[in-house]
Amino acid sequence: MTAGLPVPGLPGRRHRIAHALQCVVLASTLALSAAAAAEDAVVRDARGRDVTIGHPTRIVSVGGAVTEILYALGADDRIVAVDTTSLYPPKAMTDKPNVGYMRQLSAEGVLGLNPQLVLAIAGSGPKETIDVIDAAKIPLIMVPDTFTEAGMVEKIRLVAKVAGVETRGECLATAVAGDLAALRELRAKVKTPPRVMFVMSFLDGRTMVAGQKTAANEIIKLAGGVNVADSFDGYKIMSDEAIAAAKPDTVLSMERGKDTLQADAVFASPAFALTPAAKTRNLVAMDGLYLLGFGPRTAAAARDLAVKLDPALTADAASFKPASLAVNCRQ
């Protein structure tokens with residue numbers, strides 16, 4: 001073959017080869033697009049909306065339980081920011097940018113991170129920020145925050161579906177369901193349910209306590225106790241007379257560093273001085289997210305609280321090793 005001379009039929013073959021390659025590329029692209037579309041998930045969130053999500057790799061996680069679940073499922077590499085309630089695991093607060101408190105989110109702060117998805121616990125806001133995120137067409141999923149055993153398991157499954165790791169989600173949901181079953185067995189051994197009052201704040205003689213339809217109310221029940229502030233819903237200021245009449249055996253609160261409630265201050269007040277709790281100085285303070293987050297570790301938190309409320313359960317609780325604290329569902 002002489003260099004530079006045309007070869008009969010070569011241009012035609014080149015054209016056919018190029019055309020064939022284009023067809024292969026086009027077919028591959030269409031196949032990948034079809035597969036991606038097929039795998040897109042439609043999720044109904046706490047607002048009752050059906051949200052279609054693709055394959056988000058940039059997630060803003062709002063809510064301590066949401067962030068905890070994402071980490072437990074090995075999806076933390078997709079988180080681009082968290083909120084101030086995302087305290088577990090501790091590295092979430094040190095490794096990720098922070099968008100502020102879940103109820104005081106800034107639209108600019110969230111959208112400035114170029115998220116592909118905002119995954120937020122129900123109650124996040126304010127409404128104006130949520131409206132701006134919606135208007136920006138960024139998928140926003142509100143995760144139901146139901147303070148029940150079934151609610152905890154479904155929360156895990158929803159987050160897993162959103163993150164595209166449903167098999168891992170079943171791994172964690174199974175571990176949590178097993179923990180809750182073990183907790184029911186422990187709770188069945190309670191002979192006399194302890195009377196508990198959860199104090200949210202205690203300042204200048206004004207005591208705010210937890211009523212029904214609160215995370216505090218439900219964790220008390222999970223631990224085998226009775227919430228003595230059961231005449232109202234939500235969190236309210238309770239009078240000294242009403243507190244004394246409620247006769248709590250235990251005062252329960254959250255740890256707040258130097259602002260954690262102290263037994264001396266609480267039981268010196270007229271409201272609590274004559275209660276059974278004052279006679280034994282029985283004040284229990286626990287980590288807020290662990291106690292009230294209703295995430296994967298809640299059964300473990302209820303076990304710990306049950307022993308604090310009723311030391312007679314100590315031996316039985318020692319054999320309860322929560323699977324959620326040890327299981328590896330990250331792979």
# chains A, B, ... in the order shown; residues from 1 in each chain; ligands from 1
>>> residues_around(residues="segment 66-80 of chain A", least_positions_apart="2", cutoff="6 Å", atoms="only C-alpha atoms", output="list in words")
Thr57, Arg58, Ile59, Val60, Ser61, Gly63, Gly64, Ser86, Tyr88, Arg168, Cys329 and Arg330 of chain A
>>> residues_around(residues="Ala306 of chain A", least_positions_apart="4", cutoff="7 Å", atoms="only C-alpha atoms", output="PyMOL selection string")
chain A and resi 223-224+302+310
>>> write_last_selection(atoms="all heavy atoms", output="mmCIF file, in the first residue's frame")
data_model
loop_
_atom_site.group_PDB
_atom_site.id
_atom_site.type_symbol
_atom_site.label_atom_id
_atom_site.label_comp_id
_atom_site.auth_asym_id
_atom_site.auth_seq_id
_atom_site.Cartn_x
_atom_site.Cartn_y
_atom_site.Cartn_z
ATOM 1 N N ALA A 223 -39.699 3.236 79.323
ATOM 2 C CA ALA A 223 -38.859 2.806 80.442
ATOM 3 C C ALA A 223 -39.667 2.194 81.582
ATOM 4 O O ALA A 223 -39.099 1.828 82.616
ATOM 5 C CB ALA A 223 -38.046 3.986 80.961
ATOM 6 N N GLY A 224 -40.972 2.088 81.404
ATOM 7 C CA GLY A 224 -41.808 1.459 82.429
ATOM 8 C C GLY A 224 -42.362 2.402 83.469
ATOM 9 O O GLY A 224 -42.935 1.971 84.465
ATOM 10 N N ALA A 302 -33.872 3.955 76.861
ATOM 11 C CA ALA A 302 -34.984 3.553 77.727
ATOM 12 C C ALA A 302 -34.536 2.505 78.739
ATOM 13 O O ALA A 302 -34.980 2.513 79.897
ATOM 14 C CB ALA A 302 -36.144 3.023 76.883
ATOM 15 N N ASP A 310 -35.970 2.452 88.439
ATOM 16 C CA ASP A 310 -36.251 1.277 89.265
ATOM 17 C C ASP A 310 -34.987 0.418 89.368
ATOM 18 O O ASP A 310 -34.772 -0.476 88.547
ATOM 19 C CB ASP A 310 -37.393 0.476 88.641
ATOM 20 C CG ASP A 310 -37.837 -0.698 89.517
ATOM 21 O OD1 ASP A 310 -37.207 -0.928 90.568
ATOM 22 O OD2 ASP A 310 -38.809 -1.376 89.135
#
>>> closest_residue(among="A:Ile130, A:Leu289, A:Ala136, A:Leu186", to="Thr85 of chain A", atoms="only C-alpha atoms")
A:Leu289
>>> atom_distance(atom1="atom CA of Val196 of chain A", atom2="atom CA of Val226 of chain A")
5.8 Å
>>> closest_residue(among="A:Gly205, A:Val228, A:Met102, A:Asn217", to="Pro270 of chain A", atoms="only C-alpha atoms")
A:Gly205
>>> closest_residue(among="A:Val307, A:Ala278, A:Val51, A:Ala175", to="Ile138 of chain A", atoms="only C-alpha atoms")
A:Val51
>>> select_by_dssp(residues="segment 17-258 of chain A", states="alpha helix (DSSP H)", output="ChimeraX atom specification")
/A:17-39,64-72,91-95,107-111,127-135,149-163,166-187,215-222,240-246
>>> atom_distance(atom1="atom CA of Ala216 of chain A", atom2="atom CA of Val118 of chain A")
26.7 Å
>>> select_by_dssp(residues="segment 109-244 of chain A", states="strand (DSSP E or B)", output="number ranges by chain")
A: 117-121, 140-143, 195-203, 206-210, 212, 226-227, 233, 235-238
>>> write_last_selection(atoms="C-alpha atoms", output="short mmCIF file (atom, residue, chain, number, x, y, z; two decimals), in the first residue's frame")
data_model
loop_
_atom_site.label_atom_id
_atom_site.label_comp_id
_atom_site.auth_asym_id
_atom_site.auth_seq_id
_atom_site.Cartn_x
_atom_site.Cartn_y
_atom_site.Cartn_z
CA LEU A 117 -31.64 17.07 48.83
CA VAL A 118 -32.68 18.53 52.17
CA LEU A 119 -33.65 15.78 54.61
CA ALA A 120 -35.23 17.37 57.68
CA ILE A 121 -37.07 16.12 60.72
CA LEU A 140 -37.13 18.61 50.53
CA ILE A 141 -38.31 15.66 52.55
CA MET A 142 -39.78 16.13 56.02
CA VAL A 143 -39.18 12.97 58.04
CA ARG A 195 -44.10 8.22 88.86
CA VAL A 196 -41.98 10.56 86.77
CA MET A 197 -42.05 14.27 85.95
CA PHE A 198 -39.95 15.57 83.07
CA VAL A 199 -38.79 19.14 83.67
CA MET A 200 -37.87 21.02 80.51
CA SER A 201 -36.92 24.23 82.28
CA PHE A 202 -36.76 25.49 85.86
CA LEU A 203 -36.22 29.21 86.14
CA ARG A 206 -41.50 28.76 86.83
CA THR A 207 -41.36 25.07 86.02
CA MET A 208 -42.08 23.86 82.47
CA VAL A 209 -42.91 20.18 82.33
CA ALA A 210 -43.76 17.66 79.63
CA GLN A 212 -48.72 13.93 76.78
CA VAL A 226 -45.80 6.88 84.37
CA ASN A 227 -45.80 10.55 83.43
CA ASP A 233 -50.53 17.96 75.81
CA TYR A 235 -44.88 21.39 77.30
CA LYS A 236 -46.45 23.81 79.78
CA ILE A 237 -45.72 25.80 82.91
CA MET A 238 -47.05 23.90 85.92
#
>>> residues_around(residues="Ala150 of chain A", least_positions_apart="5", cutoff="12 Å", atoms="only C-alpha atoms", output="list in words")
Pro144, Asp145, Lys155, Ile156, Arg157, Ala173, Thr174, Val176, Ala177, Leu180, Ala181, Phe294 and Gly295 of chain A
>>> closest_residue(among="A:Asp179, A:Met254, A:Ala65, A:Tyr101", to="Pro322 of chain A", atoms="only C-alpha atoms")
A:Asp179
>>> residues_around(residues="Ala268 of chain A", least_positions_apart="6", cutoff="12 Å", atoms="only C-alpha atoms", output="mmCIF file with N, CA, C and O atoms, in the first residue's frame")
data_model
loop_
_atom_site.group_PDB
_atom_site.id
_atom_site.type_symbol
_atom_site.label_atom_id
_atom_site.label_comp_id
_atom_site.auth_asym_id
_atom_site.auth_seq_id
_atom_site.Cartn_x
_atom_site.Cartn_y
_atom_site.Cartn_z
ATOM 1 N N GLY A 205 -38.721 30.249 89.586
ATOM 2 C CA GLY A 205 -39.953 29.734 90.151
ATOM 3 C C GLY A 205 -40.970 29.251 89.143
ATOM 4 O O GLY A 205 -42.098 28.901 89.503
ATOM 5 N N GLN A 262 -29.802 20.965 89.097
ATOM 6 C CA GLN A 262 -29.131 20.423 90.270
ATOM 7 C C GLN A 262 -30.161 20.071 91.344
ATOM 8 O O GLN A 262 -31.125 20.816 91.556
ATOM 9 N N LEU A 274 -41.912 18.796 98.999
ATOM 10 C CA LEU A 274 -42.696 17.790 99.719
ATOM 11 C C LEU A 274 -43.025 16.561 98.864
ATOM 12 O O LEU A 274 -43.824 15.717 99.279
ATOM 13 N N THR A 275 -42.416 16.459 97.708
ATOM 14 C CA THR A 275 -42.691 15.316 96.833
ATOM 15 C C THR A 275 -41.867 14.095 97.265
ATOM 16 O O THR A 275 -40.824 14.236 97.914
ATOM 17 N N ALA A 277 -39.960 12.474 95.420
ATOM 18 C CA ALA A 277 -38.652 12.624 94.792
ATOM 19 C C ALA A 277 -37.683 13.381 95.680
ATOM 20 O O ALA A 277 -36.485 13.078 95.723
ATOM 21 N N ALA A 278 -38.206 14.367 96.427
ATOM 22 C CA ALA A 278 -37.347 15.161 97.313
ATOM 23 C C ALA A 278 -36.819 14.321 98.469
ATOM 24 O O ALA A 278 -35.675 14.504 98.912
ATOM 25 N N LYS A 279 -37.619 13.388 98.951
ATOM 26 C CA LYS A 279 -37.186 12.569 100.089
ATOM 27 C C LYS A 279 -35.982 11.705 99.731
ATOM 28 O O LYS A 279 -35.115 11.452 100.571
ATOM 29 N N ARG A 281 -34.115 12.519 96.953
ATOM 30 C CA ARG A 281 -33.303 13.390 96.082
ATOM 31 C C ARG A 281 -33.079 12.712 94.730
ATOM 32 O O ARG A 281 -31.962 12.679 94.195
#
>>> atom_distance(atom1="atom CA of Asp83 of chain A", atom2="atom CA of Val159 of chain A")
16.4 Å
